[in-house]
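A.B. asks: The file below is coords26.txt, compact mmCIF, C-alpha atoms and all ligand atoms:
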# COMPACT_ATOMS: atom_id res chain seq x y z
CA MET K 1 76.30 97.03 54.89
CA TYR K 2 74.61 95.01 57.66
CA LYS K 3 72.41 92.83 55.50
CA SER K 4 69.10 91.65 56.86
CA ALA K 5 68.43 87.98 57.57
CA GLU K 6 64.70 88.61 57.43
CA GLY K 7 62.84 86.25 55.13
CA TYR K 8 65.61 83.63 55.20
CA LYS K 9 65.12 80.16 56.66
CA LYS K 10 66.65 79.26 60.02
CA THR K 11 68.90 76.66 58.37
CA THR K 12 70.45 79.50 56.33
CA ARG K 13 70.48 81.99 59.18
CA ILE K 14 72.45 79.74 61.51
CA ILE K 15 75.21 79.70 58.89
CA HIS K 16 75.32 83.44 58.17
CA GLY K 17 73.50 84.59 61.27
CA ALA K 18 74.69 87.61 63.12
CA ALA K 19 78.17 87.64 61.59
CA LYS K 20 77.10 90.97 60.10
CA THR K 21 76.01 93.01 63.08
CA PRO K 22 77.09 96.22 64.75
CA ARG K 23 78.52 94.06 67.56
CA TRP K 24 81.88 93.91 65.80
CA ASP K 25 83.29 94.92 62.43
CA TYR K 26 83.84 91.68 60.55
CA ALA K 27 83.58 93.36 57.15
CA HIS K 28 86.63 91.57 55.73
CA HIS K 29 86.06 88.21 57.36
CA VAL K 30 83.89 85.50 55.88
CA VAL K 31 84.50 83.54 59.07
CA PRO K 32 84.64 85.68 62.23
CA PRO K 33 88.16 85.91 63.63
CA LEU K 34 88.92 84.16 66.89
CA THR K 35 89.07 86.98 69.40
CA ALA K 36 91.40 86.68 72.36
CA SER K 37 91.65 89.85 74.41
CA THR K 38 90.81 89.86 78.09
CA THR K 39 90.53 93.63 78.14
CA PHE K 40 89.54 96.33 75.64
CA ARG K 41 90.92 99.82 74.85
CA LEU K 42 88.38 102.36 76.07
CA GLU K 43 89.67 105.67 74.63
CA SER K 44 88.20 107.90 77.33
CA VAL K 45 86.87 107.67 80.85
CA LYS K 46 83.57 108.96 79.54
CA ARG K 47 83.26 106.06 77.09
CA ALA K 48 84.35 103.59 79.79
CA ALA K 49 81.72 104.97 82.15
CA ARG K 50 79.11 104.61 79.41
CA GLY K 51 80.13 100.97 79.00
CA PHE K 52 79.75 100.23 82.71
CA ASN K 53 76.45 102.07 82.78
CA GLU K 54 75.08 100.16 79.80
CA PHE K 55 76.32 96.75 80.92
CA GLY K 56 73.53 94.24 81.37
CA ARG K 57 70.95 96.30 79.52
CA TYR K 58 69.16 94.42 76.81
CA ARG K 59 71.15 95.14 73.66
CA GLU K 60 68.34 96.17 71.32
CA GLU K 61 67.49 99.02 73.67
CA LEU K 62 70.91 100.49 73.00
CA ASP K 63 72.11 102.18 69.86
CA GLY K 64 75.10 100.86 67.92
CA ALA K 65 77.91 98.59 69.07
CA PRO K 66 78.41 97.66 72.70
CA VAL K 67 81.29 99.23 74.59
CA TYR K 68 83.47 96.20 75.24
CA ILE K 69 85.24 96.54 78.58
CA TYR K 70 86.48 93.22 79.87
CA ASP K 71 85.98 89.62 78.71
CA ARG K 72 84.00 88.55 81.78
CA LEU K 73 81.41 91.27 81.10
CA GLU K 74 80.90 90.94 77.37
CA GLU K 75 83.01 89.58 74.53
CA PRO K 76 82.45 89.75 70.75
CA THR K 77 82.77 86.07 69.70
CA ARG K 78 80.69 84.93 72.62
CA GLY K 79 78.19 87.67 71.74
CA LEU K 80 77.86 86.37 68.19
CA LEU K 81 77.24 82.86 69.45
CA GLU K 82 74.64 84.19 71.89
CA SER K 83 72.75 86.00 69.10
CA GLN K 84 72.75 82.80 67.05
CA LEU K 85 71.43 80.70 69.92
CA ALA K 86 68.74 83.27 70.76
CA ALA K 87 67.66 83.34 67.10
CA MET K 88 67.51 79.54 67.01
CA GLU K 89 65.40 79.32 70.18
CA GLY K 90 63.24 82.23 69.01
CA CYS K 91 63.74 84.33 72.15
CA ASP K 92 65.00 87.81 73.03
CA ALA K 93 68.37 86.94 74.54
CA CYS K 94 70.90 84.28 75.38
CA LEU K 95 73.91 84.16 77.67
CA THR K 96 76.56 81.46 77.49
CA PHE K 97 78.39 79.88 80.41
CA ALA K 98 81.46 77.80 81.15
CA SER K 99 79.51 74.53 81.17
CA GLY K 100 75.99 73.16 81.09
CA MET K 101 76.03 72.93 84.90
CA ALA K 102 77.11 76.59 85.13
CA ALA K 103 74.06 77.39 82.97
CA VAL K 104 71.73 75.34 85.22
CA ALA K 105 73.12 77.07 88.33
CA ALA K 106 72.85 80.54 86.75
CA ALA K 107 69.34 80.12 85.31
CA LEU K 108 68.03 79.23 88.76
CA GLY K 109 70.53 81.31 90.73
CA CYS K 110 69.29 84.56 89.20
CA LEU K 111 65.66 83.69 90.10
CA LEU K 112 65.98 82.22 93.58
CA GLN K 113 66.53 83.50 97.06
CA SER K 114 66.58 81.78 100.41
CA GLY K 115 63.11 80.57 101.38
CA ASP K 116 62.07 79.91 97.78
CA GLU K 117 61.03 76.56 96.48
CA VAL K 118 61.72 74.78 93.21
CA LEU K 119 59.37 72.14 91.87
CA ALA K 120 61.47 69.72 89.87
CA HIS K 121 60.74 66.57 87.91
CA THR K 122 61.61 63.35 89.75
CA LEU K 123 64.32 62.44 87.26
CA LEU K 124 67.03 64.85 86.09
CA TYR K 125 70.62 64.69 84.87
CA GLY K 126 72.71 63.33 87.78
CA CYS K 127 74.67 66.52 88.55
CA THR K 128 71.48 68.63 88.49
CA HIS K 129 70.02 66.16 90.99
CA SER K 130 73.18 66.51 93.08
CA LEU K 131 72.99 70.35 92.90
CA PHE K 132 69.41 70.19 94.14
CA THR K 133 69.98 67.65 96.91
CA ASN K 134 73.48 68.52 98.16
CA TRP K 135 73.71 72.28 97.70
CA TYR K 136 70.32 73.98 97.53
CA PRO K 137 69.25 72.99 101.08
CA LYS K 138 72.40 74.78 102.37
CA LEU K 139 71.24 77.92 100.56
CA GLY K 140 67.77 77.70 102.10
CA VAL K 141 66.15 76.64 98.83
CA ARG K 142 63.81 73.68 99.02
CA VAL K 143 63.45 71.41 95.99
CA ARG K 144 60.30 69.33 95.86
CA ARG K 145 60.04 66.46 93.39
CA VAL K 146 56.91 65.96 91.31
CA ASP K 147 56.19 63.80 88.31
CA PHE K 148 56.13 66.41 85.53
CA THR K 149 54.57 63.93 83.11
CA ASP K 150 51.46 64.43 85.26
CA ALA K 151 50.49 68.08 84.75
CA LYS K 152 47.70 67.88 87.33
CA ALA K 153 50.19 66.81 90.01
CA VAL K 154 52.44 69.77 89.12
CA ALA K 155 49.52 72.24 89.26
CA LYS K 156 48.52 70.86 92.66
CA ALA K 157 52.05 71.11 94.05
CA VAL K 158 52.52 74.85 93.30
CA ASN K 159 52.35 76.99 96.43
CA SER K 160 53.13 80.57 97.44
CA ARG K 161 56.88 79.79 97.78
CA THR K 162 57.23 78.16 94.38
CA ARG K 163 59.54 80.17 92.19
CA ALA K 164 60.59 77.73 89.46
CA LEU K 165 59.20 74.68 87.66
CA TYR K 166 62.29 72.79 86.52
CA PHE K 167 62.48 69.83 84.14
CA GLU K 168 64.11 68.24 81.10
CA SER K 169 62.24 67.02 78.02
CA PRO K 170 63.18 64.50 76.76
CA VAL K 171 64.26 63.45 80.23
CA ASN K 172 67.84 62.21 80.58
CA PRO K 173 68.09 59.19 80.29
CA THR K 174 64.59 57.66 80.05
CA LEU K 175 63.39 59.97 77.23
CA ASP K 176 60.04 60.58 78.95
CA LEU K 177 58.47 63.76 77.60
CA VAL K 178 56.94 66.62 79.53
CA ASP K 179 54.05 68.51 77.93
CA LEU K 180 55.60 71.97 77.47
CA ARG K 181 52.36 73.84 76.95
CA SER K 182 50.77 72.37 80.10
CA ILE K 183 53.72 73.42 82.26
CA ALA K 184 53.75 76.92 80.72
CA GLU K 185 50.04 77.24 81.46
CA ILE K 186 50.54 76.15 85.09
CA ALA K 187 53.18 78.87 85.54
CA SER K 188 51.05 81.51 83.89
CA LYS K 189 47.96 80.60 85.99
CA ALA K 190 50.05 80.65 89.17
CA ASN K 191 51.28 84.14 88.29
CA LYS K 192 47.86 85.76 88.37
CA GLY K 193 47.90 88.28 91.20
CA ARG K 194 51.32 87.22 92.42
CA LYS K 195 54.26 89.54 93.20
CA ARG K 196 57.22 87.17 92.73
CA ARG K 197 56.65 85.21 89.55
CA VAL K 198 56.85 81.47 89.01
CA TYR K 199 59.14 80.68 86.06
CA SER K 200 59.13 77.55 83.93
CA VAL K 201 62.67 76.37 83.20
CA ILE K 202 63.59 73.57 80.81
CA ASP K 203 66.91 71.89 80.13
CA ASN K 204 66.59 71.43 76.35
CA THR K 205 69.97 69.72 75.91
CA PHE K 206 68.63 66.45 74.51
CA ALA K 207 66.37 68.07 71.91
CA THR K 208 68.41 71.18 70.86
CA PRO K 209 66.56 74.18 69.40
CA PHE K 210 66.62 72.36 66.07
CA SER K 211 64.23 69.71 67.39
CA GLN K 212 62.24 71.68 69.96
CA ARG K 213 61.79 75.38 70.78
CA PRO K 214 60.11 75.51 74.19
CA ILE K 215 59.73 79.31 74.15
CA GLU K 216 57.22 78.89 71.30
CA HIS K 217 55.19 76.79 73.77
CA GLY K 218 55.32 79.45 76.48
CA ILE K 219 58.29 78.22 78.58
CA ASP K 220 60.24 81.09 80.23
CA LEU K 221 63.87 79.95 80.36
CA VAL K 222 65.59 77.37 78.15
CA LEU K 223 69.01 76.05 78.95
CA HIS K 224 71.54 73.88 77.19
CA SER K 225 74.72 72.05 77.77
CA LEU K 226 76.58 73.28 74.66
CA THR K 227 79.04 70.45 75.30
CA LYS K 228 76.52 68.10 73.71
CA ASN K 229 74.48 68.38 70.52
CA ILE K 230 75.10 72.08 69.87
CA GLY K 231 78.89 71.92 70.17
CA GLY K 232 78.46 68.64 68.34
CA PHE K 233 82.07 67.53 67.91
CA GLY K 234 83.01 66.72 71.49
CA THR K 235 85.76 69.35 71.69
CA GLU K 236 84.21 72.13 73.82
CA VAL K 237 82.50 72.38 77.20
CA GLY K 238 79.88 75.11 77.49
CA GLY K 239 76.37 76.05 78.50
CA ALA K 240 73.69 78.56 77.55
CA VAL K 241 70.53 80.12 78.97
CA CYS K 242 67.94 81.58 76.59
CA CYS K 243 65.49 84.03 78.12
CA SER K 244 63.34 87.12 77.75
CA LYS K 245 64.65 90.69 77.83
CA GLU K 246 63.09 91.08 81.30
CA ILE K 247 65.27 88.31 82.79
CA PHE K 248 68.39 89.21 80.80
CA PRO K 249 69.73 92.02 83.07
CA SER K 250 69.67 89.89 86.20
CA LEU K 251 71.20 86.89 84.40
CA ALA K 252 73.96 89.11 82.93
CA SER K 253 74.69 90.57 86.32
CA TYR K 254 74.75 87.07 87.88
CA ARG K 255 77.28 85.88 85.29
CA LYS K 256 79.46 88.96 85.80
CA ASP K 257 79.60 88.39 89.55
CA PHE K 258 79.73 84.58 89.71
CA GLY K 259 82.09 84.60 86.75
CA GLY K 260 81.26 81.34 84.96
CA ILE K 261 81.86 82.65 81.44
CA LEU K 262 82.42 80.64 78.26
CA SER K 263 85.89 81.20 76.83
CA PRO K 264 85.89 82.96 73.43
CA LYS K 265 87.97 80.11 72.01
CA ALA K 266 85.28 77.58 72.94
CA ALA K 267 82.59 80.00 71.72
CA TRP K 268 84.35 80.31 68.35
CA ASN K 269 84.41 76.56 67.75
CA ILE K 270 80.75 76.24 68.66
CA LEU K 271 79.84 79.27 66.51
CA VAL K 272 81.86 78.26 63.46
CA TYR K 273 81.53 74.44 63.49
CA GLY K 274 78.76 73.41 65.90
CA VAL K 275 75.86 75.74 65.17
CA PRO K 276 75.89 75.79 61.33
CA THR K 277 76.01 71.97 61.13
CA ILE K 278 73.21 71.20 63.59
CA PRO K 279 70.51 70.43 61.00
CA LEU K 280 72.86 68.19 58.98
CA ARG K 281 74.14 66.31 62.00
CA ILE K 282 70.83 65.83 63.78
CA LYS K 283 68.94 64.78 60.65
CA ARG K 284 71.56 62.15 59.90
CA GLN K 285 71.67 60.97 63.51
CA GLN K 286 67.88 60.75 63.65
CA TYR K 287 67.86 58.63 60.51
CA SER K 288 70.36 56.23 62.10
CA ALA K 289 68.69 56.34 65.54
CA LEU K 290 65.44 55.08 64.04
CA GLN K 291 67.23 52.16 62.32
CA VAL K 292 69.06 51.27 65.55
CA ALA K 293 65.90 51.59 67.68
CA GLN K 294 63.93 49.39 65.27
CA TYR K 295 66.72 46.80 65.30
CA LEU K 296 66.79 46.78 69.12
CA GLU K 297 62.99 46.58 69.33
CA LYS K 298 62.98 43.35 67.33
CA HIS K 299 65.91 41.79 69.19
CA PRO K 300 64.94 38.81 71.41
CA LEU K 301 67.38 39.83 74.19
CA VAL K 302 65.97 43.37 74.47
CA ALA K 303 63.11 43.91 76.93
CA MET K 304 62.38 47.60 76.34
CA VAL K 305 63.37 50.34 73.88
CA ARG K 306 62.53 54.02 74.19
CA TYR K 307 62.98 56.29 71.20
CA PRO K 308 60.48 59.08 70.43
CA GLY K 309 60.65 58.21 66.73
CA LEU K 310 59.30 54.66 67.27
CA ASP K 311 55.58 54.00 66.73
CA SER K 312 55.65 52.15 70.07
CA PHE K 313 56.92 55.19 72.01
CA PRO K 314 54.39 55.64 74.85
CA GLN K 315 54.12 59.43 74.38
CA ARG K 316 54.19 59.34 70.61
CA ALA K 317 51.39 61.92 70.17
CA LEU K 318 53.18 64.41 72.43
CA ALA K 319 56.47 63.78 70.60
CA LEU K 320 54.76 64.51 67.28
CA LYS K 321 53.27 67.69 68.74
CA GLN K 322 56.31 69.33 70.28
CA MET K 323 59.41 67.81 68.68
CA ARG K 324 59.51 69.67 65.39
CA ASP K 325 62.49 70.87 63.38
CA PHE K 326 63.00 74.29 61.77
CA ASP K 327 60.88 73.26 58.77
CA GLY K 328 58.13 71.60 60.79
CA GLY K 329 59.35 68.01 60.25
CA PHE K 330 59.17 65.45 63.08
CA ALA K 331 62.46 65.60 65.01
CA PRO K 332 62.68 62.81 67.60
CA GLY K 333 66.41 63.32 68.24
CA ASN K 334 69.44 61.09 68.49
CA MET K 335 69.08 59.45 71.92
CA ILE K 336 67.89 55.90 72.66
CA TYR K 337 67.28 54.26 76.02
CA PHE K 338 66.87 50.49 76.31
CA ARG K 339 67.08 47.56 78.68
CA LEU K 340 68.02 43.95 78.12
CA ASP K 341 65.85 41.11 79.38
CA ALA K 342 67.78 40.22 82.55
CA ARG K 343 66.74 36.55 82.31
CA LYS K 344 68.31 36.26 78.90
CA ALA K 345 71.32 38.61 78.94
CA SER K 346 73.47 40.75 81.21
CA GLY K 347 73.35 44.48 80.45
CA MET K 348 76.70 45.09 82.12
CA LYS K 349 78.37 42.27 80.19
CA PHE K 350 76.93 43.70 76.97
CA VAL K 351 78.22 47.23 77.63
CA ASP K 352 81.63 45.92 78.72
CA HIS K 353 81.90 43.78 75.61
CA VAL K 354 81.02 46.77 73.43
CA ALA K 355 83.55 48.92 75.32
CA GLN K 356 86.33 46.42 74.77
CA ASN K 357 85.57 45.08 71.31
CA ALA K 358 83.43 47.49 69.28
CA TYR K 359 85.02 49.71 66.65
CA CYS K 360 82.41 52.46 66.34
CA VAL K 361 80.45 52.40 69.63
CA THR K 362 82.38 53.89 72.54
CA LEU K 363 81.71 53.54 76.26
CA ALA K 364 81.78 57.18 77.37
CA VAL K 365 79.52 59.74 79.01
CA SER K 366 78.31 62.82 77.10
CA LEU K 367 76.11 62.82 74.02
CA GLY K 368 75.41 64.52 70.72
CA HIS K 369 78.87 63.66 69.43
CA THR K 370 80.00 62.67 65.94
CA LYS K 371 80.82 59.28 67.51
CA THR K 372 78.22 56.88 68.90
CA LEU K 373 78.47 56.76 72.69
CA ILE K 374 77.05 54.15 75.05
CA GLU K 375 76.73 54.27 78.83
CA MET K 376 74.86 52.82 81.80
CA PRO K 377 73.25 55.80 83.58
CA SER K 378 72.50 54.09 86.94
CA ALA K 379 76.22 53.41 87.39
CA MET K 380 77.54 56.49 85.58
CA THR K 381 75.80 59.79 84.69
CA HIS K 382 72.99 59.23 87.22
CA SER K 383 75.04 57.64 90.00
CA ALA K 384 74.06 60.61 92.23
CA TYR K 385 70.68 58.85 92.62
CA ALA K 386 72.52 55.90 94.21
CA GLY K 387 70.01 53.50 92.67
CA GLU K 388 67.13 55.17 94.50
CA GLY K 389 63.86 56.71 93.34
CA PRO K 390 63.55 56.95 89.59
CA MET K 391 66.89 55.12 89.12
CA ARG K 392 65.72 52.14 91.23
CA GLU K 393 65.54 49.96 88.20
CA ARG K 394 69.17 49.49 87.26
CA GLY K 395 70.53 48.18 84.00
CA GLY K 396 69.13 50.76 81.56
CA ILE K 397 71.47 51.58 78.69
CA ARG K 398 71.75 54.98 76.98
CA LEU K 399 72.90 55.35 73.40
CA SER K 400 73.79 58.64 71.74
CA ILE K 401 73.81 57.98 68.02
CA GLY K 402 76.71 59.48 66.07
CA LEU K 403 77.40 60.02 62.38
CA GLU K 404 78.62 56.51 61.53
CA SER K 405 76.72 54.25 59.16
CA PRO K 406 73.76 52.73 61.07
CA VAL K 407 74.77 49.37 59.58
CA ASP K 408 78.07 49.54 61.45
CA ILE K 409 76.50 50.73 64.72
CA ILE K 410 74.10 47.76 64.54
CA LYS K 411 77.00 45.41 63.69
CA ASP K 412 78.84 46.43 66.88
CA LEU K 413 75.69 46.17 69.01
CA GLU K 414 74.89 42.73 67.58
CA THR K 415 78.36 41.41 68.48
CA GLY K 416 77.94 42.73 72.03
CA LEU K 417 74.46 41.24 72.39
CA LYS K 418 75.66 37.79 71.26
CA ALA K 419 78.44 37.94 73.87
CA ALA K 420 76.03 39.02 76.64
CA SER K 421 73.49 36.26 76.01
CA ARG K 422 73.06 33.85 78.92
CA ARG K 423 72.14 31.09 76.51
CA ARG K 424 74.99 28.61 76.04
CA ARG K 425 76.16 28.57 72.46
C1 LIG L 501 70.63 67.07 80.24
C2 LIG L 501 71.94 67.61 80.72
N1 LIG L 501 71.98 68.83 81.27
C3 LIG L 501 73.13 69.38 81.72
C4 LIG L 501 74.32 68.70 81.63
C5 LIG L 501 75.57 69.32 82.15
O1 LIG L 501 76.35 69.77 81.09
P1 LIG L 501 77.94 70.04 81.22
O2 LIG L 501 78.59 68.69 81.29
O3 LIG L 501 78.25 70.80 79.98
O4 LIG L 501 78.16 70.81 82.46
C6 LIG L 501 74.33 67.42 81.06
C7 LIG L 501 75.57 66.66 80.96
O5 LIG L 501 75.61 65.51 80.62
C8 LIG L 501 73.11 66.87 80.59
O6 LIG L 501 73.06 65.66 80.04
Take the structure in the file and give it back as structure tokens.
Ligand SMILES: Cc1ncc(COP(=O)(O)O)c(C=O)c1O
C.D. replies:
Amino acid sequence: MYKSAEGYKKTTRIIHGAAKTPRWDYAHHVVPPLTASTTFRLESVKRAARGFNEFGRYREELDGAPVYIYDRLEEPTRGLLESQLAAMEGCDACLTFASGMAAVAAALGCLLQSGDEVLAHTLLYGCTHSLFTNWYPKLGVRVRRVDFTDAKAVAKAVNSRTRALYFESPVNPTLDLVDLRSIAEIASKANKGRKRRVYSVIDNTFATPFSQRPIEHGIDLVLHSLTKNIGGFGTEVGGAVCCSKEIFPSLASYRKDFGGILSPKAAWNILVYGVPTIPLRIKRQQYSALQVAQYLEKHPLVAMVRYPGLDSFPQRALALKQMRDFDGGFAPGNMIYFRLDARKASGMKFVDHVAQNAYCVTLAVSLGHTKTLIEMPSAMTHSAYAGEGPMRERGGIRLSIGLESPVDIIKDLETGLKAASRRRR
């Protein structure tokens, strides 16, 4: 009765996925029902005790269905989503969390203890930067910043206290890429003869597992803000950490005790709507992103455009190597970063004009939405940098391309650019 997905393509498996598993009897449901029970009938103390005893053990080591006890420990809809995400990333296990930030905190929280050190890329999502600068020092964890686009500098910076190598690729918002294989090799070299391992940890939110599967390149932990491309419709907040079966027990125990679980209602929406439509959405958004990036590149008021799909992208060869979709096609994603020529146009005036006049480009944070979103990271998502360090150069503009016609996205951008021009008309 539990049919095998073996031999089927990932695009098919993310639609049918684990909806037929011993996790839960969905025999009469084509779409899994939305579960909503905080607690579960246990039938006997013996069975309850078995459930507590088995909690946090890697599922495949156990026979049959899990003993569900209480939502915060394990929950069927969330479990189905987790199997789907693990299958997409090509790893042993996945655990979901209440938000992307809860996933960042848990991925590192289960590895670190006071006295440890994290090596992190110089530029990260603003709240991750804030976590590292405002909170980790209070916990006795030192975070040292290194340019992860320079693998030699990372290798040199590793010391006996280093416990995690943390980065995003593409980096939010500049879209710089980090060579996944080089970072994985640095961690594996550092681990020779070492008691407490160094783990490589990537925030894969921008790429999604559709466009990049870091575990295939040797990265240890992969995390996502599900709020973005994977949720895809802008209706749910969530996060996920994908990992090996060795890390799973400690991550499961961390989530149980810190409590940042994803609600089954959010999990259901992501499972039923977000995950199965990822290839369709991203392929369409990539198609439009290339048109928009090419339009911006030719525009006289634009000084710089970054999009991994452009021939001019500085790390084009690396993009071609590691950003690959389920079928091996080039998958440069749906994010664009650009800057206007300050002598010719005001970036702020442009974004404000778009915010107040455009029909299909919306000034809002977040990304990977059906709607095209625009924002100015130095003043918004990355304001935690306070215009310092990698956010010194203000005025960059981030675009998350939605599902609209690229012709219309360009129309709205063109109107904004005309209004922002310093040239008298
Ligand atoms: C790259 C990246 N990681 C993590 C997060 C945090 O995700 P959430 O808002 O779901 O907590 C964000 C949010 O914008 C992000 O862009």
A.B. asks: Of the residues K:Tyr26, K:Tyr307, K:Tyr359, K:Phe326, which is the one nearest to Thr208 (chain K), using all atoms listed in the file?
C.D. replies: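 Result for the nearest residue to Thr208 (chain K): K:Phe326.
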A.B. asks: Point out the residue among K:Gly329, K:Val118, K:His16, K:Glu74 with the least atom-to-atom distance to Phe40 (chain K), counting all atoms listed in the file.
C.D. replies: K:Glu74
A.B. asks: Which one of K:Gly231, K:Gly51, K:Gly100, K:Pro76 sits closest to ligand LIG 501 (chain L) if you count all atoms listed in the file?
C.D. replies: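 Checking each candidate against ligand LIG 501 (chain L), we get K:Gly100 as the closest.
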A.B. asks: One number please: CA of Asp352 (chain K) to CA of Tyr337 (chain K), in Å, one decimal.
C.D. replies: 16.8 Å
A.B. asks: Select the residues contacting ligand LIG 501 (chain L) at a distance of at most 6 Å, based on all atoms listed in the file, then format the selection as a VMD selection string.
C.D. replies: chain K and resid 99 to 101 125 172 205 225 227 237 to 239 366
A.B. asks: If we count only C-alpha atoms, what is near region 52-60 of chain K at a cut-off of 8 Å, once residues fewer than 5 positions away on the same chain are taken out, given as an MDAnalysis selection string?
C.D. replies: chainID K and resid 66 69 73 93 245 248:250 252:253
A.B. asks: From the coordinates supplied, region 341-359 of chain K should be written with N, CA and C atoms, as an mmCIF file, in the first residue's frame.
C.D. replies:
data_model
loop_
_atom_site.group_PDB
_atom_site.id
_atom_site.type_symbol
_atom_site.label_atom_id
_atom_site.label_comp_id
_atom_site.auth_asym_id
_atom_site.auth_seq_id
_atom_site.Cartn_x
_atom_site.Cartn_y
_atom_site.Cartn_z
ATOM 1 N N ASP K 341 23.273 54.951 -10.889
ATOM 2 C CA ASP K 341 24.421 55.857 -10.949
ATOM 3 C C ASP K 341 24.023 57.126 -10.190
ATOM 4 N N ALA K 342 24.645 57.346 -9.027
ATOM 5 C CA ALA K 342 24.210 58.426 -8.127
ATOM 6 C C ALA K 342 24.308 59.809 -8.777
ATOM 7 N N ARG K 343 25.186 59.933 -9.792
ATOM 8 C CA ARG K 343 25.294 61.257 -10.452
ATOM 9 C C ARG K 343 24.076 61.500 -11.331
ATOM 10 N N LYS K 344 23.456 60.420 -11.757
ATOM 11 C CA LYS K 344 22.376 60.585 -12.736
ATOM 12 C C LYS K 344 20.980 60.398 -12.144
ATOM 13 N N ALA K 345 20.889 59.656 -11.025
ATOM 14 C CA ALA K 345 19.549 59.370 -10.483
ATOM 15 C C ALA K 345 19.636 59.037 -9.003
ATOM 16 N N SER K 346 18.549 59.294 -8.289
ATOM 17 C CA SER K 346 18.511 58.982 -6.854
ATOM 18 C C SER K 346 17.820 57.630 -6.641
ATOM 19 N N GLY K 347 18.553 56.713 -5.994
ATOM 20 C CA GLY K 347 18.001 55.377 -5.728
ATOM 21 C C GLY K 347 16.779 55.451 -4.829
ATOM 22 N N MET K 348 16.855 56.323 -3.824
ATOM 23 C CA MET K 348 15.737 56.424 -2.876
ATOM 24 C C MET K 348 14.485 56.983 -3.573
ATOM 25 N N LYS K 349 14.717 57.987 -4.419
ATOM 26 C CA LYS K 349 13.584 58.587 -5.146
ATOM 27 C C LYS K 349 12.935 57.527 -6.059
ATOM 28 N N PHE K 350 13.802 56.724 -6.675
ATOM 29 C CA PHE K 350 13.303 55.665 -7.558
ATOM 30 C C PHE K 350 12.426 54.677 -6.772
ATOM 31 N N VAL K 351 12.953 54.187 -5.644
ATOM 32 C CA VAL K 351 12.203 53.182 -4.876
ATOM 33 C C VAL K 351 10.899 53.805 -4.346
ATOM 34 N N ASP K 352 10.976 55.045 -3.875
ATOM 35 C CA ASP K 352 9.757 55.698 -3.379
ATOM 36 C C ASP K 352 8.723 55.867 -4.492
ATOM 37 N N HIS K 353 9.206 56.226 -5.665
ATOM 38 C CA HIS K 353 8.259 56.413 -6.782
ATOM 39 C C HIS K 353 7.587 55.087 -7.129
ATOM 40 N N VAL K 354 8.401 54.019 -7.138
ATOM 41 C CA VAL K 354 7.843 52.679 -7.422
ATOM 42 C C VAL K 354 6.815 52.337 -6.339
ATOM 43 N N ALA K 355 7.192 52.589 -5.069
ATOM 44 C CA ALA K 355 6.293 52.241 -3.953
ATOM 45 C C ALA K 355 4.941 52.940 -4.084
ATOM 46 N N GLN K 356 4.986 54.184 -4.563
ATOM 47 C CA GLN K 356 3.754 54.974 -4.561
ATOM 48 C C GLN K 356 2.972 54.937 -5.871
ATOM 49 N N ASN K 357 3.639 54.494 -6.943
ATOM 50 C CA ASN K 357 2.962 54.564 -8.244
ATOM 51 C C ASN K 357 2.863 53.245 -9.001
ATOM 52 N N ALA K 358 3.761 52.293 -8.695
ATOM 53 C CA ALA K 358 3.772 51.066 -9.504
ATOM 54 C C ALA K 358 2.555 50.197 -9.183
ATOM 55 N N TYR K 359 2.126 49.433 -10.171
ATOM 56 C CA TYR K 359 1.007 48.514 -9.960
ATOM 57 C C TYR K 359 1.500 47.138 -9.523
#
